[in-house]
Amino acid sequence: MRKLKLLFLLSAFITAAQTAAAQSQRPIVSGINTSPSAKKIIVSWHLPKKTEDSHITALLIYRNNRPFSSAEDLKNMKPVAKLSSESETYADTPEDYSEYFYTVISVTKEGSWTGSELYYDEELDAKQDESGGTPFYIILPGVNSTSEGTKLKRYSKKEAKPSVQESKKKKEYDNGQLRDQPLPYIDVLNNQGERKSSISEESENAALSLLGKNTSPAKKALEMYIFEDDLISPSGGDDYLLFEVLRKSFIKEDFNLAASELKKFLAQNRSENTASRASFYLGESYYYMGRYSSALSCFLSVEEKYPALAHKWIESTLNLFNTEGQ
């Protein structure tokens, strides 16, 4: 009787282990978590363990005002973002202080998913598109969807909102450690190099028309401009990826590399604010490379977002072209 009991327990243990192993092979993220601030909600998760049968090509982020309980909740909903398959964080920027719930859905290569395996025959099936795939609409509360709502933080009347200077001096990790990676100030006035690019007459006339005024030649280039949001390393998401591009190339005045990395960064779906800043930095990179036509296009693309700042750089771009063209 005791042997039978032991055999039964052993069988149950093996079955549970097999079930857990099969579950872990499914293309489902886990450990979803949210961290709110005054401006953003950082959503993070853990990717499933990579195996030879890994088929995730992208991740879809969904946001709702009530908890996600099943795939039916995603009907007629559009994801707020589509990220690469390697992403583990997303910085959401809601426009209000409502309570929000999130879920992260994996996109898998074309094929049919049955149980815990994705069946695909390279000889019989069509070639798979790495950039495409089918969303794996399985929602597990507390695993790949949040069980509790999150909202942006408000400053109470008793709690004074930190000043801009204080914000620059002190930003913290989630575990309380101070971040100590501010982007250093760099003087870019004395190392511009030769500028051989030219701007077409049509582009110059269009820019002058947008400016609504004549410009006068400038003797010096503008100093490098870095947005306040990018002075301190963020905790994650698009802002962190942009910070890394700036740290590794832009502030080192490697503008060729910066332009290349910023174009790759902008090729992905990014939040509006982060994409606008990246476009401006791309314009600055072209500006310091002497590629004024390309710089002008970048500055014009963010003129509505940063009217005064963009106007200043558009005018300087045209001034430098006019100065060197004389």
# chains A, B, ... in the order shown; residues from 1 in each chain; ligands from 1
$ residues_around --residues "A:Lys151" --least-positions-apart "5" --cutoff "8 Å" --atoms "only C-alpha atoms" --output "list in words"
Pro36, Ile41, Tyr97, Ser98, Glu99 and Tyr100 of chain A
$ residues_around --residues "A:Lys82" --least-positions-apart "3" --cutoff "10 Å" --atoms "only C-alpha atoms" --output "list in words"
Ala58, Leu59, Leu60, Ile61, Tyr62, Pro79, Ser85, Ser87, Tyr90, Val104, Ile105, Ser106, Val107, Gln268, Asn269 and Arg270 of chain A
$ residues_around --residues "stretch 65-70 of chain A" --least-positions-apart "4" --cutoff "12 Å" --atoms "only C-alpha atoms" --output "number ranges by chain"
A: 74-75, 77, 94, 96-105, 136-151
$ write_last_selection --atoms "N, CA and C atoms" --output "tab-separated table (two decimals), in the first residue's frame"
chain	number	residue	atom	x	y	z
A	74	LEU	N	-9.97	41.91	-25.91
A	74	LEU	CA	-9.14	42.59	-26.91
A	74	LEU	C	-9.87	42.85	-28.22
A	75	LYS	N	-11.11	42.36	-28.33
A	75	LYS	CA	-11.88	42.58	-29.55
A	75	LYS	C	-12.12	44.07	-29.75
A	77	MET	N	-10.09	46.35	-30.04
A	77	MET	CA	-9.09	47.20	-29.39
A	77	MET	C	-7.82	47.23	-30.23
A	94	PRO	N	-0.11	58.27	-20.51
A	94	PRO	CA	-1.55	58.58	-20.56
A	94	PRO	C	-1.77	60.09	-20.44
A	96	ASP	N	-4.45	61.40	-18.98
A	96	ASP	CA	-5.29	61.72	-17.84
A	96	ASP	C	-4.87	60.88	-16.63
A	97	TYR	N	-5.61	61.03	-15.54
A	97	TYR	CA	-5.27	60.33	-14.31
A	97	TYR	C	-6.21	59.16	-14.03
A	98	SER	N	-6.77	58.58	-15.10
A	98	SER	CA	-7.64	57.42	-14.94
A	98	SER	C	-6.82	56.20	-14.52
A	99	GLU	N	-7.52	55.20	-13.99
A	99	GLU	CA	-6.86	53.96	-13.61
A	99	GLU	C	-6.76	53.06	-14.84
A	100	TYR	N	-5.56	52.53	-15.11
A	100	TYR	CA	-5.35	51.72	-16.30
A	100	TYR	C	-4.80	50.35	-15.95
A	101	PHE	N	-5.19	49.38	-16.80
A	101	PHE	CA	-4.70	48.01	-16.70
A	101	PHE	C	-3.98	47.68	-18.01
A	102	TYR	N	-2.98	46.81	-17.95
A	102	TYR	CA	-2.16	46.50	-19.12
A	102	TYR	C	-2.05	45.00	-19.33
A	103	THR	N	-1.86	44.63	-20.59
A	103	THR	CA	-1.52	43.25	-20.92
A	103	THR	C	-0.52	43.27	-22.06
A	104	VAL	N	0.36	42.28	-22.08
A	104	VAL	CA	1.39	42.15	-23.11
A	104	VAL	C	1.15	40.86	-23.87
A	105	ILE	N	0.92	40.97	-25.16
A	105	ILE	CA	0.60	39.82	-26.02
A	105	ILE	C	1.75	39.55	-26.97
A	136	PHE	N	-0.67	35.87	-30.17
A	136	PHE	CA	-1.05	34.72	-29.36
A	136	PHE	C	-1.97	35.22	-28.25
A	137	TYR	N	-3.26	35.26	-28.56
A	137	TYR	CA	-4.23	35.89	-27.67
A	137	TYR	C	-4.60	34.98	-26.50
A	138	ILE	N	-3.69	34.87	-25.56
A	138	ILE	CA	-3.95	34.18	-24.31
A	138	ILE	C	-3.67	35.16	-23.18
A	139	ILE	N	-4.66	35.40	-22.32
A	139	ILE	CA	-4.50	36.34	-21.22
A	139	ILE	C	-4.55	35.59	-19.89
A	140	LEU	N	-3.50	35.74	-19.11
A	140	LEU	CA	-3.43	35.12	-17.79
A	140	LEU	C	-3.25	36.23	-16.76
A	141	PRO	N	-4.32	36.59	-16.03
A	141	PRO	CA	-4.24	37.65	-15.03
A	141	PRO	C	-3.10	37.42	-14.04
A	142	GLY	N	-2.30	38.44	-13.83
A	142	GLY	CA	-1.17	38.33	-12.93
A	142	GLY	C	0.07	37.76	-13.57
A	143	VAL	N	-0.05	37.25	-14.79
A	143	VAL	CA	1.10	36.69	-15.51
A	143	VAL	C	1.51	37.63	-16.64
A	144	ASN	N	0.64	37.72	-17.66
A	144	ASN	CA	0.93	38.67	-18.75
A	144	ASN	C	-0.08	39.81	-18.79
A	145	SER	N	-0.84	39.98	-17.71
A	145	SER	CA	-1.75	41.13	-17.60
A	145	SER	C	-1.79	41.57	-16.14
A	146	THR	N	-1.95	42.87	-15.93
A	146	THR	CA	-1.95	43.39	-14.56
A	146	THR	C	-3.27	43.09	-13.87
A	147	SER	N	-3.19	42.76	-12.60
A	147	SER	CA	-4.38	42.47	-11.81
A	147	SER	C	-4.90	43.71	-11.10
A	148	GLU	N	-3.99	44.67	-10.91
A	148	GLU	CA	-4.36	45.91	-10.24
A	148	GLU	C	-4.16	47.10	-11.16
A	149	GLY	N	-5.03	48.10	-11.03
A	149	GLY	CA	-4.93	49.28	-11.87
A	149	GLY	C	-3.81	50.22	-11.42
A	150	THR	N	-3.34	51.03	-12.37
A	150	THR	CA	-2.28	51.99	-12.10
A	150	THR	C	-2.67	53.33	-12.71
A	151	LYS	N	-2.34	54.41	-12.02
A	151	LYS	CA	-2.63	55.74	-12.55
A	151	LYS	C	-1.43	56.65	-12.31
$ residues_around --residues "A:Leu266" --least-positions-apart "6" --cutoff "10 Å" --atoms "only C-alpha atoms" --output "JSON, numbers by chain"
{"A": [242, 274, 275, 276, 278, 279, 282]}
$ atom_distance --atom1 "atom CA of A:Gly133" --atom2 "atom CA of A:Ile56"
8.2 Å
$ select_by_dssp --residues "stretch 232-282 of chain A" --states "helix (DSSP H, G or I)" --output "count of residues only"
37
$ atom_distance --atom1 "atom CA of A:Phe299" --atom2 "atom CA of A:Phe280"
6.1 Å
$ decode --residues "stretch 78-91 of chain A" --atoms "all heavy atoms" --output "PDB file, in the first residue's frame"
ATOM      1  N   LYS A  78      -7.181  48.385 -30.258  1.00  0.00           N
ATOM      2  CA  LYS A  78      -5.897  48.526 -30.930  1.00  0.00           C
ATOM      3  C   LYS A  78      -4.802  48.624 -29.873  1.00  0.00           C
ATOM      4  O   LYS A  78      -4.989  49.275 -28.852  1.00  0.00           O
ATOM      5  CB  LYS A  78      -5.880  49.778 -31.813  1.00  0.00           C
ATOM      6  CG  LYS A  78      -6.780  49.691 -33.027  1.00  0.00           C
ATOM      7  CD  LYS A  78      -6.618  50.932 -33.892  1.00  0.00           C
ATOM      8  CE  LYS A  78      -7.480  50.836 -35.146  1.00  0.00           C
ATOM      9  NZ  LYS A  78      -7.334  52.034 -36.006  1.00  0.00           N
ATOM     10  N   PRO A  79      -3.660  47.974 -30.105  1.00  0.00           N
ATOM     11  CA  PRO A  79      -2.573  48.078 -29.127  1.00  0.00           C
ATOM     12  C   PRO A  79      -2.032  49.500 -29.064  1.00  0.00           C
ATOM     13  O   PRO A  79      -2.019  50.219 -30.062  1.00  0.00           O
ATOM     14  CB  PRO A  79      -1.522  47.100 -29.662  1.00  0.00           C
ATOM     15  CG  PRO A  79      -1.804  46.993 -31.128  1.00  0.00           C
ATOM     16  CD  PRO A  79      -3.298  47.134 -31.269  1.00  0.00           C
ATOM     17  N   VAL A  80      -1.596  49.914 -27.890  1.00  0.00           N
ATOM     18  CA  VAL A  80      -1.015  51.252 -27.753  1.00  0.00           C
ATOM     19  C   VAL A  80       0.416  51.273 -28.274  1.00  0.00           C
ATOM     20  O   VAL A  80       0.964  52.345 -28.542  1.00  0.00           O
ATOM     21  CB  VAL A  80      -1.049  51.731 -26.289  1.00  0.00           C
ATOM     22  CG1 VAL A  80      -2.476  51.918 -25.817  1.00  0.00           C
ATOM     23  CG2 VAL A  80      -0.311  50.755 -25.373  1.00  0.00           C
ATOM     24  N   ALA A  81       1.017  50.095 -28.421  1.00  0.00           N
ATOM     25  CA  ALA A  81       2.386  50.047 -28.934  1.00  0.00           C
ATOM     26  C   ALA A  81       2.703  48.641 -29.439  1.00  0.00           C
ATOM     27  O   ALA A  81       2.126  47.655 -28.986  1.00  0.00           O
ATOM     28  CB  ALA A  81       3.384  50.441 -27.857  1.00  0.00           C
ATOM     29  N   LYS A  82       3.608  48.580 -30.412  1.00  0.00           N
ATOM     30  CA  LYS A  82       4.145  47.311 -30.901  1.00  0.00           C
ATOM     31  C   LYS A  82       5.653  47.383 -30.731  1.00  0.00           C
ATOM     32  O   LYS A  82       6.309  48.268 -31.288  1.00  0.00           O
ATOM     33  CB  LYS A  82       3.782  47.079 -32.367  1.00  0.00           C
ATOM     34  CG  LYS A  82       4.294  45.745 -32.920  1.00  0.00           C
ATOM     35  CD  LYS A  82       3.845  45.532 -34.354  1.00  0.00           C
ATOM     36  CE  LYS A  82       4.317  44.181 -34.876  1.00  0.00           C
ATOM     37  NZ  LYS A  82       3.878  43.936 -36.271  1.00  0.00           N
ATOM     38  N   LEU A  83       6.216  46.467 -29.964  1.00  0.00           N
ATOM     39  CA  LEU A  83       7.630  46.499 -29.621  1.00  0.00           C
ATOM     40  C   LEU A  83       8.358  45.296 -30.215  1.00  0.00           C
ATOM     41  O   LEU A  83       7.745  44.328 -30.657  1.00  0.00           O
ATOM     42  CB  LEU A  83       7.800  46.497 -28.101  1.00  0.00           C
ATOM     43  CG  LEU A  83       7.010  47.550 -27.316  1.00  0.00           C
ATOM     44  CD1 LEU A  83       7.257  47.366 -25.827  1.00  0.00           C
ATOM     45  CD2 LEU A  83       7.393  48.958 -27.739  1.00  0.00           C
ATOM     46  N   SER A  84       9.669  45.372 -30.200  1.00  0.00           N
ATOM     47  CA  SER A  84      10.471  44.251 -30.684  1.00  0.00           C
ATOM     48  C   SER A  84      10.348  43.073 -29.725  1.00  0.00           C
ATOM     49  O   SER A  84       9.961  43.226 -28.566  1.00  0.00           O
ATOM     50  CB  SER A  84      11.945  44.665 -30.802  1.00  0.00           C
ATOM     51  OG  SER A  84      12.503  44.853 -29.513  1.00  0.00           O
ATOM     52  N   SER A  85      10.720  41.906 -30.203  1.00  0.00           N
ATOM     53  CA  SER A  85      10.581  40.691 -29.398  1.00  0.00           C
ATOM     54  C   SER A  85      11.537  40.661 -28.208  1.00  0.00           C
ATOM     55  O   SER A  85      11.377  39.850 -27.305  1.00  0.00           O
ATOM     56  CB  SER A  85      10.825  39.455 -30.273  1.00  0.00           C
ATOM     57  OG  SER A  85      12.130  39.499 -30.834  1.00  0.00           O
ATOM     58  N   GLU A  86      12.539  41.556 -28.196  1.00  0.00           N
ATOM     59  CA  GLU A  86      13.510  41.594 -27.104  1.00  0.00           C
ATOM     60  C   GLU A  86      13.140  42.606 -26.027  1.00  0.00           C
ATOM     61  O   GLU A  86      13.815  42.701 -24.995  1.00  0.00           O
ATOM     62  CB  GLU A  86      14.902  41.941 -27.661  1.00  0.00           C
ATOM     63  CG  GLU A  86      15.401  40.999 -28.742  1.00  0.00           C
ATOM     64  CD  GLU A  86      15.607  39.586 -28.231  1.00  0.00           C
ATOM     65  OE1 GLU A  86      16.006  39.446 -27.058  1.00  0.00           O
ATOM     66  OE2 GLU A  86      15.374  38.633 -28.989  1.00  0.00           O
ATOM     67  N   SER A  87      12.085  43.377 -26.229  1.00  0.00           N
ATOM     68  CA  SER A  87      11.729  44.446 -25.284  1.00  0.00           C
ATOM     69  C   SER A  87      11.209  43.859 -23.973  1.00  0.00           C
ATOM     70  O   SER A  87      10.492  42.858 -23.962  1.00  0.00           O
ATOM     71  CB  SER A  87      10.666  45.362 -25.892  1.00  0.00           C
ATOM     72  OG  SER A  87      11.119  45.945 -27.089  1.00  0.00           O
ATOM     73  N   GLU A  88      11.562  44.529 -22.884  1.00  0.00           N
ATOM     74  CA  GLU A  88      11.083  44.106 -21.560  1.00  0.00           C
ATOM     75  C   GLU A  88      10.489  45.267 -20.773  1.00  0.00           C
ATOM     76  O   GLU A  88      10.077  45.081 -19.624  1.00  0.00           O
ATOM     77  CB  GLU A  88      12.217  43.473 -20.755  1.00  0.00           C
ATOM     78  CG  GLU A  88      12.667  42.132 -21.307  1.00  0.00           C
ATOM     79  CD  GLU A  88      13.648  41.434 -20.393  1.00  0.00           C
ATOM     80  OE1 GLU A  88      14.817  41.863 -20.348  1.00  0.00           O
ATOM     81  OE2 GLU A  88      13.252  40.466 -19.717  1.00  0.00           O
ATOM     82  N   THR A  89      10.427  46.448 -21.373  1.00  0.00           N
ATOM     83  CA  THR A  89       9.800  47.601 -20.722  1.00  0.00           C
ATOM     84  C   THR A  89       9.110  48.465 -21.760  1.00  0.00           C
ATOM     85  O   THR A  89       9.452  48.438 -22.947  1.00  0.00           O
ATOM     86  CB  THR A  89      10.834  48.481 -19.979  1.00  0.00           C
ATOM     87  OG1 THR A  89      11.802  48.977 -20.929  1.00  0.00           O
ATOM     88  CG2 THR A  89      11.516  47.730 -18.872  1.00  0.00           C
ATOM     89  N   TYR A  90       8.117  49.212 -21.302  1.00  0.00           N
ATOM     90  CA  TYR A  90       7.433  50.180 -22.160  1.00  0.00           C
ATOM     91  C   TYR A  90       7.020  51.367 -21.302  1.00  0.00           C
ATOM     92  O   TYR A  90       6.474  51.196 -20.198  1.00  0.00           O
ATOM     93  CB  TYR A  90       6.193  49.558 -22.812  1.00  0.00           C
ATOM     94  CG  TYR A  90       5.347  50.573 -23.551  1.00  0.00           C
ATOM     95  CD1 TYR A  90       5.803  51.167 -24.723  1.00  0.00           C
ATOM     96  CD2 TYR A  90       4.094  50.945 -23.061  1.00  0.00           C
ATOM     97  CE1 TYR A  90       5.033  52.105 -25.400  1.00  0.00           C
ATOM     98  CE2 TYR A  90       3.319  51.886 -23.737  1.00  0.00           C
ATOM     99  CZ  TYR A  90       3.801  52.457 -24.903  1.00  0.00           C
ATOM    100  OH  TYR A  90       3.043  53.386 -25.562  1.00  0.00           O
ATOM    101  N   ALA A  91       7.296  52.585 -21.775  1.00  0.00           N
ATOM    102  CA  ALA A  91       6.924  53.803 -21.050  1.00  0.00           C
ATOM    103  C   ALA A  91       5.651  54.370 -21.667  1.00  0.00           C
ATOM    104  O   ALA A  91       5.671  54.908 -22.769  1.00  0.00           O
ATOM    105  CB  ALA A  91       8.057  54.822 -21.117  1.00  0.00           C
TER     106      ALA A  91
END
